[in-house]
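> What follows is a structure written as structure tokens; I'll ask about it next.
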Amino acid sequence: MNQHSGNSALIAEGTNGKNVKYHERLLPGIYVWLLITFMTISLGIAYGYVYGRSFGIILGGLSTGLTFLFTYKTSPIIQIDDLVVQVGNARIPIKYVGTPKLLDQQQTVASRRAHTHRDAYLVLRAAIKESVLFEVTDLEDPHPYWHFSSRQPNQVVEILKEINN
């Protein structure tokens, strides 16, 4: 059991907080959506040529819809509440989040290319230019830091700083 700083109640590991302060889904950029549309409609046209127009339209529409749904549902989520930071499938209690840093486009690219620690937890998306990085203060955690893309990195950093104080 962990104890959240500022809260005298014991909190079980894996418990989310009740007050969500930030939520973002890291959806792909427009070019990925266009590629999905082109590929699945091409599939419908190809099968429609062989099996008939109606079959092609149904297959094209169904495959486009299912691929869009799959892409949406598998896109990583960033969520910060009063107890936990979650990025993708990983979660870390707020008390182990070090000072967050906002990385602009050049810093994000540099960090991605040359400065990445092999044990760092990374959730980076090429279509999202800015990112957030924070050190993990838990000495038993195998990840020295988390580095993740965000479309609202200023807001993420501000919320993390506010919660840590």
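Please note that chains go A, B, ... in the order of the structure tokens, that every chain numbers its residues from 1, and that ligands are numbered from 1 in the order shown.
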So that I can check the secondary structure, give me every residue of chain A assigned helix (DSSP H, G or I) by backbone DSSP, as a count of residues only.

68

> With only C-alpha atoms as the counted atoms, please give the residues lying no more than 10 Å from A:Lys18, apart from itself and same-chain residues fewer than 3 positions off, as a list in words.

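Once the nearby chain positions are removed, what remains is Thr15, Lys21, Asp81, Asp82 and Leu83 of chain A.
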
> Determine, counting only C-alpha atoms, which protein, DNA and RNA residues have an atom within 7 Å of an atom of stretch 143-157 of chain A; residues of the same chain fewer than 6 positions away are not included. Present the result as a list in words.

Pro100, Lys101, Leu102, Asp119, Ala120, Tyr121, Leu122, Val123, Leu124, Arg125, Ile128, Glu130, Ser131, Val132, Leu133, Phe134, Glu135 and Val136 of chain A

> Just how far from atom CA of A:Ala127 is atom CA of A:Ala110, in Å to one decimal?

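Between atom CA of A:Ala110 and atom CA of A:Ala127 the gap works out to 15.5 Å.
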
> With a distance cut-off of 7 Å and only C-alpha atoms, select the neighbouring residues of stretch 51-68 of chain A, excluding the residue or stretch itself and same-chain residues fewer than 4 positions from it, and output the selection as JSON, numbers by chain.

{"A": [37, 40, 41, 43, 44, 45, 47, 72]}

> Store the residues picked out above in a file with C-alpha atoms, as a PDB file, in the first residue's frame.


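Final output, saved to again_24.pdb:
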ATOM      1  CA  THR A  37      -9.092   5.858 -45.970  1.00  0.00           C
ATOM      2  CA  THR A  40      -9.541   0.574 -47.158  1.00  0.00           C
ATOM      3  CA  ILE A  41     -11.465   2.189 -50.005  1.00  0.00           C
ATOM      4  CA  LEU A  43      -9.756  -2.695 -50.856  1.00  0.00           C
ATOM      5  CA  GLY A  44     -13.460  -2.093 -51.429  1.00  0.00           C
ATOM      6  CA  ILE A  45     -12.867  -1.110 -55.066  1.00  0.00           C
ATOM      7  CA  TYR A  47     -13.240  -6.601 -54.201  1.00  0.00           C
ATOM      8  CA  TYR A  72      -8.900   5.405 -32.277  1.00  0.00           C
TER       9      TYR A  72
END

> If you measure from atom CA of A:Ile80 to atom CA of A:Tyr22, what distance in Å do you get, rounded to one decimal?

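Between atom CA of A:Ile80 and atom CA of A:Tyr22 the gap is 5.0 Å.
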
> Just how far from atom CA of A:Ser42 is atom CA of A:Gly29, in Å to one decimal?

20.4 Å

> Using DSSP on the backbone, list every residue of stretch 12-123 of chain A that comes out as strand (DSSP E), and give them as a list of chain:residue names.

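Of stretch 12-123 of chain A, the ones in strand (DSSP E) are A:Val20, A:Lys21, A:Tyr22, A:His23, A:Glu24, A:Arg25, A:Ile77, A:Ile78, A:Gln79, A:Ile80, A:Asp81, A:Val84, A:Val85, A:Gln86, A:Val87, A:Ala90, A:Arg91, A:Ile92, A:Pro93, A:Val97, A:Gly98, A:Thr99, A:Pro100, A:Lys101, A:Leu102, A:Leu103, A:Tyr121, A:Leu122, A:Val123.
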
> Which one is closest to A:Tyr96: A:Leu160, A:Ile77, A:Leu27, A:Leu34? Count only C-alpha atoms.

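The shortest atom-to-atom distance to A:Tyr96 comes from A:Leu160.
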
> For a quick check of understanding, using only C-alpha atoms, which of A:Gly98, A:Glu162, A:Ala114, A:Leu26 has the smallest distance to A:Leu139?

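Answer, going by the shortest atom-to-atom distance: A:Gly98.
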
> Name the closest residue to A:Phe70 among the candidates A:Ile36, A:Glu140, A:Lys161, A:His23; distances are taken between atoms, counting only C-alpha atoms.

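Of all the options, A:Ile36 lies closest to A:Phe70.
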
> Find, counting only C-alpha atoms, the residue in A:Ser75, A:Leu69, A:Ala90, A:Gln105 that gets nearest to A:Pro28.

A:Ser75

> For A:Gln79, which of A:Arg25, A:Val109, A:Val97, A:Phe38 is the closest residue, counting only C-alpha atoms?

A:Arg25
